[in-house]
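First up is the structure itself, then whatever we jot down about it.
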Amino acid sequence: MIKRSSARIAAVAAFVLVLSACAVQEEEGPVAIARADWSSGYMQAAIYAQLIEELGHEVTDPAAAELRPYSFYPALAAGQYDLWANGWFPLHGIFLEGENVTGQAVDLPIEVVGWQVAGGGGSGIMVDKATADRLGISSMDGVAANAGAFDKNGNGKADFIGCNVGWGCQVEFNEQIANESWGAGVEQISGTYDQLIRGVIDEVAAGESALFYAWTPNWTSTALVPGQNAVWVQSDINDIRAVANTDFLDRNPDIRQLLELVAIPLADIAAQNARMAAGEYSEADIEGDAEAWIAANRDMVDGWLASARAAG
């Protein structure tokens, strides 16, 4: 069982409480939608924004508020944003927990809503298949026992290309490294994931050993293919879900109902991610993908919108 960092949770919760206490009730403005700072969720954010606009609401551009989970969830609880489409659960569960400065548990005004992709978010740690086959590695204990194969900086630990600072997985992996049997033999390397993983792709293509974080749906699965040139040594399944401010949902029952209903097939997300990774891609292209998806699913979408309008 991974231990939660009470100090970290307390700091986040205290930040939320301070912001909430200082907040001034203002006139209802545009629906403030943020998006996560991983490109595999861009289209989904645009789809939600366009659907909410179809309900008759003014909506901010998700691309104008690209955040890491560590920043988004406190801001959501404080009412600075109304929602995003990029929640991963149980991975993001750590951002829903809180305690005040005296150590008492607090309920944050955040709700996880709907099932955008139920059981569709796979994530974990991979090793290049050639090294895994050569050394018989099938778990993180096996990685730690063969740390030298992945030690790029000569400190005796396996270099694990991990998650950006502020992502839930970065926190989780640091806690695992601190608490699991294999942790002493592994160190997480955090930076800009897309840049680091492109280096991993080059290393694997060159026959070098690599230990790295991966998730699906994401464009990397087209270059680092499970069973072909990479294997999982640790993996978890997550639900991809919308997350919204509770007060906002209470004021907007039509949007609450819409969020409950929206579901996007994993295959559609994966196909869009592959197109996006294949070349230059603009915000206009992402908006176009969202528009095309809605048009291709118009009958289903119209049913969601009718139900949402009835709820409002």
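Ligands are numbered from 1 in the order shown, chains are lettered A, B, ... in the order of the structure tokens, and residues start at 1 in each chain.
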Closest-contact table, range 196-245 of chain A side, partner range 131-145 of chain A, 8 Å, counting only C-alpha atoms, as CSV:
residue,atom,partner,partner_atom,distance
A:Ser209,CA,A:Thr131,CA,5.9
A:Val231,CA,A:Ala132,CA,7.5
A:Trp232,CA,A:Ser138,CA,7.6
A:Val233,CA,A:Ser139,CA,4.5
A:Gln234,CA,A:Ser139,CA,6.5
* Show which residues sit within 12 Å of Trp304 in chain A, as a ChimeraX atom specification. Count only C-alpha atoms, and ignore same-chain residues fewer than 2 positions away. => /A:48,51-52,54-55,254-263,294,297-302,306-311
### Query
When DSSP works through the backbone of this structure, what residues of range 98-259 of chain A end up as strand (DSSP E or B), shown as JSON, numbers by chain?
{"A": [99, 105, 110, 111, 112, 113, 114, 115, 116, 117, 118, 119, 120, 121, 122, 123, 124, 125, 126, 127, 128, 158, 159, 160, 161, 186, 187, 188, 189, 211, 212, 213, 214, 215, 216, 226, 230, 231, 232, 233, 234, 235, 236, 237, 238, 239, 240, 241, 242, 243, 244, 245]}
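Residues in contact range of Gly207 in chain A, defined as at most 9 Å between only C-alpha atoms, with sequence neighbours fewer than 4 positions away removed, read Asp128, Ala130, Thr131, Asp202 and Glu203 of chain A.
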Requested write-out: C-alpha atoms of the selected residues, as a compact mmCIF listing (two decimals), in the first residue's frame:
# COMPACT_ATOMS: atom_id res chain seq x y z
CA ASP A 128 12.44 -2.05 -23.79
CA ALA A 130 15.20 -6.54 -25.86
CA THR A 131 16.55 -5.83 -22.35
CA ASP A 202 15.68 6.98 -30.16
CA GLU A 203 17.45 4.82 -27.55
Worksheet item: Got a sec to tell me which of range 70-196 of chain A DSSP assigns to alpha helix (DSSP H), as a PyMOL selection string?
Response: chain A and resi 70-77+129-135+140-145+168-179+193-196
Could those selected residues go to a file with C-alpha atoms, as an mmCIF file, in the first residue's frame?
data_model
loop_
_atom_site.group_PDB
_atom_site.id
_atom_site.type_symbol
_atom_site.label_atom_id
_atom_site.label_comp_id
_atom_site.auth_asym_id
_atom_site.auth_seq_id
_atom_site.Cartn_x
_atom_site.Cartn_y
_atom_site.Cartn_z
ATOM 1 C CA TYR A 70 -1.166 19.868 -8.815
ATOM 2 C CA SER A 71 -2.170 23.382 -9.903
ATOM 3 C CA PHE A 72 -5.607 22.629 -11.337
ATOM 4 C CA TYR A 73 -7.331 20.864 -8.455
ATOM 5 C CA PRO A 74 -6.715 23.557 -5.796
ATOM 6 C CA ALA A 75 -7.785 26.225 -8.298
ATOM 7 C CA LEU A 76 -10.913 24.211 -9.106
ATOM 8 C CA ALA A 77 -11.807 23.889 -5.424
ATOM 9 C CA LYS A 129 11.645 -5.630 -24.839
ATOM 10 C CA ALA A 130 15.197 -6.538 -25.855
ATOM 11 C CA THR A 131 16.545 -5.825 -22.349
ATOM 12 C CA ALA A 132 13.564 -7.467 -20.663
ATOM 13 C CA ASP A 133 14.068 -10.629 -22.726
ATOM 14 C CA ARG A 134 17.843 -10.679 -22.274
ATOM 15 C CA LEU A 135 17.744 -10.230 -18.491
ATOM 16 C CA MET A 140 10.134 -3.650 -10.884
ATOM 17 C CA ASP A 141 12.045 -5.956 -8.536
ATOM 18 C CA GLY A 142 13.691 -7.325 -11.674
ATOM 19 C CA VAL A 143 14.503 -3.797 -12.792
ATOM 20 C CA ALA A 144 16.143 -2.991 -9.441
ATOM 21 C CA ALA A 145 18.128 -6.229 -9.547
ATOM 22 C CA GLY A 168 -0.210 12.749 -10.095
ATOM 23 C CA CYS A 169 2.015 9.956 -11.393
ATOM 24 C CA GLN A 170 5.172 11.886 -10.481
ATOM 25 C CA VAL A 171 3.993 12.051 -6.868
ATOM 26 C CA GLU A 172 2.903 8.401 -6.879
ATOM 27 C CA PHE A 173 6.208 7.132 -8.273
ATOM 28 C CA ASN A 174 8.262 9.151 -5.801
ATOM 29 C CA GLU A 175 6.205 7.627 -2.983
ATOM 30 C CA GLN A 176 6.686 4.148 -4.426
ATOM 31 C CA ILE A 177 10.430 4.722 -4.687
ATOM 32 C CA ALA A 178 10.429 5.756 -1.031
ATOM 33 C CA ASN A 179 8.371 2.787 0.154
ATOM 34 C CA TYR A 193 7.746 14.299 -20.846
ATOM 35 C CA ASP A 194 7.347 14.667 -24.599
ATOM 36 C CA GLN A 195 10.993 15.663 -24.961
ATOM 37 C CA LEU A 196 12.281 12.916 -22.687
#
Please build the interface table for range 38-149 of chain A against range 281-289 of chain A with a cut-off of 12 Å, listing for each qualifying residue the nearest atom pair and the distance in Å to one decimal; count only C-alpha atoms, order rows by chain and increasing number, and write it as JSON lines.
{"residue": "A:Ser39", "atom": "CA", "partner": "A:Ile286", "partner_atom": "CA", "distance": 9.9}
{"residue": "A:Ser40", "atom": "CA", "partner": "A:Ile286", "partner_atom": "CA", "distance": 10.7}
{"residue": "A:Gly41", "atom": "CA", "partner": "A:Ile286", "partner_atom": "CA", "distance": 10.3}
{"residue": "A:Tyr42", "atom": "CA", "partner": "A:Ile286", "partner_atom": "CA", "distance": 7.0}
{"residue": "A:Met43", "atom": "CA", "partner": "A:Ile286", "partner_atom": "CA", "distance": 5.7}
{"residue": "A:Gln44", "atom": "CA", "partner": "A:Ile286", "partner_atom": "CA", "distance": 9.3}
{"residue": "A:Ala45", "atom": "CA", "partner": "A:Glu287", "partner_atom": "CA", "distance": 9.5}
{"residue": "A:Ala46", "atom": "CA", "partner": "A:Glu287", "partner_atom": "CA", "distance": 6.1}
{"residue": "A:Ile47", "atom": "CA", "partner": "A:Glu287", "partner_atom": "CA", "distance": 8.0}
{"residue": "A:Tyr48", "atom": "CA", "partner": "A:Glu287", "partner_atom": "CA", "distance": 11.0}
{"residue": "A:Ala49", "atom": "CA", "partner": "A:Glu287", "partner_atom": "CA", "distance": 9.8}
{"residue": "A:Gln50", "atom": "CA", "partner": "A:Glu287", "partner_atom": "CA", "distance": 8.8}
{"residue": "A:Asp61", "atom": "CA", "partner": "A:Glu287", "partner_atom": "CA", "distance": 10.2}
{"residue": "A:Pro62", "atom": "CA", "partner": "A:Glu283", "partner_atom": "CA", "distance": 10.4}
{"residue": "A:Ala63", "atom": "CA", "partner": "A:Glu283", "partner_atom": "CA", "distance": 7.8}
{"residue": "A:Ala64", "atom": "CA", "partner": "A:Glu283", "partner_atom": "CA", "distance": 10.6}
Close residues, Gly162 in chain A itself excluded, 6 Å, only C-alpha atoms, min 6 positions apart in chain, as a ChimeraX atom specification:
/A:188-190,212-213
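In this structure, CA of Val31 in chain A sits 22.4 Å away from CA of Ala292 in chain A.
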Per residue of range 208-262 of chain A within 9 Å of range 270-278 of chain A, what are the shortest atom pair and its distance in Å to one decimal, counting only C-alpha atoms, with rows by chain and residue number, as CSV?
residue,atom,partner,partner_atom,distance
A:Thr216,CA,A:Ala270,CA,7.8
A:Pro217,CA,A:Ala270,CA,5.2
A:Asn218,CA,A:Asn273,CA,6.0
A:Trp219,CA,A:Ala274,CA,5.2
A:Thr220,CA,A:Ala277,CA,8.4
A:Ser221,CA,A:Ala274,CA,8.8
A:Thr222,CA,A:Ala274,CA,7.1
Atom pair CA of Trp293 in chain A + CA of Asn86 in chain A, distance 17.5 Å
* Asked: Counting only C-alpha atoms, which of A:Ala32, A:Phe95, A:Leu67, A:Val204 gets nearest to Asp107 in chain A?
  ->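 For Asp107 in chain A, the nearest of the given residues is A:Phe95.
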One residue among A:Thr192, A:Ala210, A:Lys157, A:Val243 is nearest to Gly87 in chain A when using only C-alpha atoms, and that residue is A:Val243
Computed gap from CA of Ile240 in chain A to CA of Leu91 in chain A is 9.9 Å
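If you count only C-alpha atoms and ignore residues fewer than 2 places along the chain from Asn238 in chain A, what sits within 9 Å of it is Trp88, Phe89, Pro90, Leu91, Val117, Ala118, Gly119, Gly120, Gly121, Gly122, Ser123, Asp236 and Ile240 of chain A.
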If you count only C-alpha atoms, the residue of A:Ala65, A:Ala206, A:Trp167, A:Glu180 closest to Gln80 in chain A turns out to be A:Ala65
* **Within 8 Å of Pro109 in chain A using only C-alpha atoms, minus same-chain residues under 5 positions, as a VMD selection string** => chain A and resid 77 245 to 247
With C-alpha atoms kept, could you save the residues just selected as a PDB file, in the first residue's frame?
ATOM      1  CA  ALA A  77     -11.807  23.889  -5.424  1.00  0.00           C
ATOM      2  CA  ASN A 245     -16.514  22.436  -8.926  1.00  0.00           C
ATOM      3  CA  THR A 246     -19.517  21.365  -6.833  1.00  0.00           C
ATOM      4  CA  ASP A 247     -21.005  24.852  -6.488  1.00  0.00           C
TER       5      ASP A 247
END
